[in-house]
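For reference, the structure is listed below as structure tokens.
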Amino acid sequence: MDGDEVVPKPVPLSSIPEEEPVFASTGATLLLPSQMPRDPRMHVALLFILLASILGTVNGYDFIEGDGGLVTDRGFIYSQTQTANLLSTSAPGSAILTGVLTLHDGSPGVNFTIEVVTPVIDEDGIQRITRPAATTDSQGRFRLEGLNPGLMSMYVVNMSNPSEGMTHRILLSPGALFEPYGFTHLNLDFAAPEDFDLIEQKSNGLTRWMDLSEEERGKELYDPTAAAVYDIAGTIFIGISLIAVFFGITGWRTKSTLLLRTGAGLVFFSQGHYYSSCCLGLLAMLATFGLHVEEM
């Protein structure tokens, strides 16, 4: 019919047309944090941590050694007495000395006088010498107060024979931290009569006095409990150094900035001689600035 529309027949396709690519590959690859190259500043930070830890360990061993090295127990106590005199108005007269006197046969030294030469500055600024003294009791015990922290001379006099006695160099401890008084306890041994007889013979009968002040120079008598405190401090320094090494190496291996900073912060407190570990710890901390900090 003339009014009917002619519908064209579909033409069969011989093949599916190719699609145009929508996305193109850039060739880039994604890297995990563990696959990222290690920042050179991490090497520097680890090096500073290791050096500071070695110095902190040496410093700790020096504290434990006591009588050797750069830091000795006596030298440390003496430096504290100088600081106390500068910073504390209560330092003069703030040292207390207690102790026990034992004779050569192990019996207590009864009725002996313990005398300490103590310089005192009066209100006019004039220095004068005082000699506080105490007498040992039936157990050989004595107690002296109002002494000055620092190096002092001490006389031990046998009151049964006042010409017989001993001179010692002693080191009195200052107050620790904010304590107003420093306590020093000494265990003293009195020489045997034969030793005084020998001194009398050598002096042609002039004296029976044993002066150990020169012999004890640099080896002053001091409170052994103070040495125990420094042993503890030395152990702490060594422990901090070892822990800092652990954090430093672990942070370097895992590329963790936080662990490296933790190691740098810890090693700062190992101190080191002349505060060398403190300086290296700060340098290690500075070396980590600018590094990527991983999210917790």
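Residues in the structure tokens are named by chain (A, B, ... in the order shown) and by number from 1 within that chain; ligands are numbered from 1 in the order shown.
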
Sort by chain and increasing residue number a table of all residues of region 160-272 of chain A within 9 Å of region 280-292 of chain A, each with its closest pair of atoms and their distance in Å to one decimal, counting only C-alpha atoms, and write it as CSV.
```
residue,atom,partner,partner_atom,distance
A:Ser256,CA,A:His292,CA,8.5
A:Thr257,CA,A:Thr288,CA,6.6
A:Leu258,CA,A:Thr288,CA,8.8
A:Leu260,CA,A:Thr288,CA,7.4
A:Arg261,CA,A:Met285,CA,5.7
A:Thr262,CA,A:Met285,CA,8.7
A:Gly263,CA,A:Gly281,CA,8.3
A:Ala264,CA,A:Gly281,CA,4.9
A:Gly265,CA,A:Gly281,CA,6.4
A:Leu266,CA,A:Gly281,CA,7.9
A:Val267,CA,A:Gly281,CA,5.7
A:Phe268,CA,A:Gly281,CA,4.7
A:Phe269,CA,A:Gly281,CA,8.5
```

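For Asp137 (chain A), the residues within 9 Å (counting only C-alpha atoms, excluding itself and residues fewer than 2 positions away along the chain) are Pro108, Gly109, Val110, Asn111, Phe112, Thr135, Gln139, Gly140, Arg141 and Phe142 of chain A.
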
Backbone DSSP call of alpha helix (DSSP H) for region 49-271 of chain A, listed as a compact mmCIF listing (two decimals) with C-alpha atoms, in the first residue's frame:
```txt
# COMPACT_ATOMS: atom_id res chain seq x y z
CA ILE A 49 72.45 7.37 69.20
CA LEU A 50 75.09 4.62 69.11
CA LEU A 51 77.93 7.02 69.93
CA ALA A 52 75.96 8.60 72.76
CA SER A 53 75.06 5.17 74.13
CA ILE A 54 78.71 4.13 74.20
CA LEU A 55 79.65 7.30 76.06
CA GLY A 56 76.72 6.84 78.44
CA THR A 57 77.79 3.28 79.19
CA VAL A 58 81.36 4.40 79.87
CA ASN A 59 80.00 7.12 82.15
CA GLY A 60 77.88 4.60 84.04
CA TYR A 61 80.81 2.24 84.51
CA ASP A 62 82.86 5.20 85.75
CA PHE A 63 80.23 5.89 88.41
CA ILE A 64 80.27 2.25 89.51
CA GLU A 65 84.07 2.07 89.60
CA ASP A 73 82.91 9.09 94.51
CA ARG A 74 85.04 11.50 96.51
CA GLY A 75 85.28 13.99 93.66
CA PHE A 76 81.54 13.88 93.08
CA ILE A 77 80.75 14.42 96.77
CA TYR A 78 83.24 17.28 96.94
CA SER A 79 81.73 18.97 93.87
CA GLN A 80 78.33 18.73 95.53
CA THR A 81 79.68 20.44 98.64
CA GLN A 82 80.90 23.35 96.51
CA THR A 83 77.51 23.63 94.80
CA ALA A 84 75.77 23.50 98.17
CA ASN A 85 77.91 26.32 99.51
CA LEU A 86 77.05 28.45 96.49
CA LEU A 87 73.32 27.76 96.29
CA PRO A 193 99.55 -0.05 120.74
CA GLU A 194 102.49 -1.62 118.90
CA ASP A 195 102.02 0.87 116.05
CA PHE A 196 102.21 3.78 118.47
CA ASP A 197 105.26 2.24 120.14
CA LEU A 198 106.98 2.16 116.75
CA ILE A 199 106.13 5.83 116.13
CA GLU A 200 107.52 6.73 119.55
CA GLN A 201 110.75 4.89 118.81
CA LYS A 202 111.19 6.61 115.44
CA PRO A 224 80.21 4.26 102.02
CA THR A 225 76.44 4.55 101.63
CA ALA A 226 77.07 7.57 99.39
CA ALA A 227 79.07 5.28 97.11
CA ALA A 228 76.06 2.95 96.88
CA VAL A 229 73.98 5.84 95.57
CA TYR A 230 76.52 6.45 92.80
CA ASP A 231 76.56 2.74 91.97
CA ILE A 232 72.81 2.92 91.44
CA ALA A 233 73.22 6.03 89.29
CA GLY A 234 75.85 4.29 87.17
CA THR A 235 73.61 1.26 86.68
CA ILE A 236 70.78 3.55 85.57
CA PHE A 237 73.04 5.28 83.03
CA ILE A 238 74.09 1.93 81.56
CA GLY A 239 70.49 0.69 81.44
CA ILE A 240 69.27 3.83 79.69
CA SER A 241 72.06 3.52 77.13
CA LEU A 242 71.18 -0.08 76.29
CA ILE A 243 67.47 0.70 75.97
CA ALA A 244 68.30 3.65 73.70
CA VAL A 245 70.34 1.34 71.45
CA PHE A 246 67.38 -1.04 71.20
CA PHE A 247 64.98 1.73 70.18
CA GLY A 248 67.51 3.25 67.79
CA ILE A 249 68.28 0.02 65.92
CA THR A 250 64.63 -1.04 65.87
CA GLY A 251 63.58 2.36 64.54
CA TRP A 252 66.28 2.26 61.87
CA ARG A 253 65.35 -1.25 60.72
CA THR A 254 61.62 -0.52 60.62
CA THR A 257 60.86 8.00 63.02
CA LEU A 258 59.05 7.74 66.35
CA LEU A 259 61.29 4.92 67.58
CA LEU A 260 64.40 6.81 66.50
CA ARG A 261 63.24 9.88 68.38
CA THR A 262 62.49 7.76 71.42
CA GLY A 263 66.04 6.39 71.34
CA ALA A 264 67.45 9.91 70.95
CA GLY A 265 65.38 11.16 73.87
CA LEU A 266 66.44 8.30 76.12
CA VAL A 267 70.14 8.51 75.36
CA PHE A 268 70.07 12.19 76.33
```

Two-atom distance - CA of Gly106 (chain A), CA of Met210 (chain A) (Å):
19.3 Å

Atom-to-atom span, CA of Gly93 (chain A) and CA of Thr130 (chain A), Å:
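Between CA of Gly93 (chain A) and CA of Thr130 (chain A) the gap is 11.2 Å.
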
Using only C-alpha atoms, find the one residue out of A:Arg143, A:Glu115, A:Ser173, A:Ala192 that sits nearest to Val157 (chain A).
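Once distances to Val157 (chain A) are computed over only C-alpha atoms, the minimum belongs to A:Glu115.
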
Spatial neighbours of Thr184 (chain A), max dist 6 Å, only C-alpha atoms, sep filter under 2 positions, as a PyMOL selection string
chain A and resi 97+172-173+223

Between CA of Arg131 (chain A) and CA of His168 (chain A), what distance in Å does the model show, to one decimal?
14.2 Å

Using only C-alpha atoms, which of A:Thr98, A:Met166, A:Gly146, A:Thr136 sits nearest Pro119 (chain A)?
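Nearest to Pro119 (chain A): A:Gly146.
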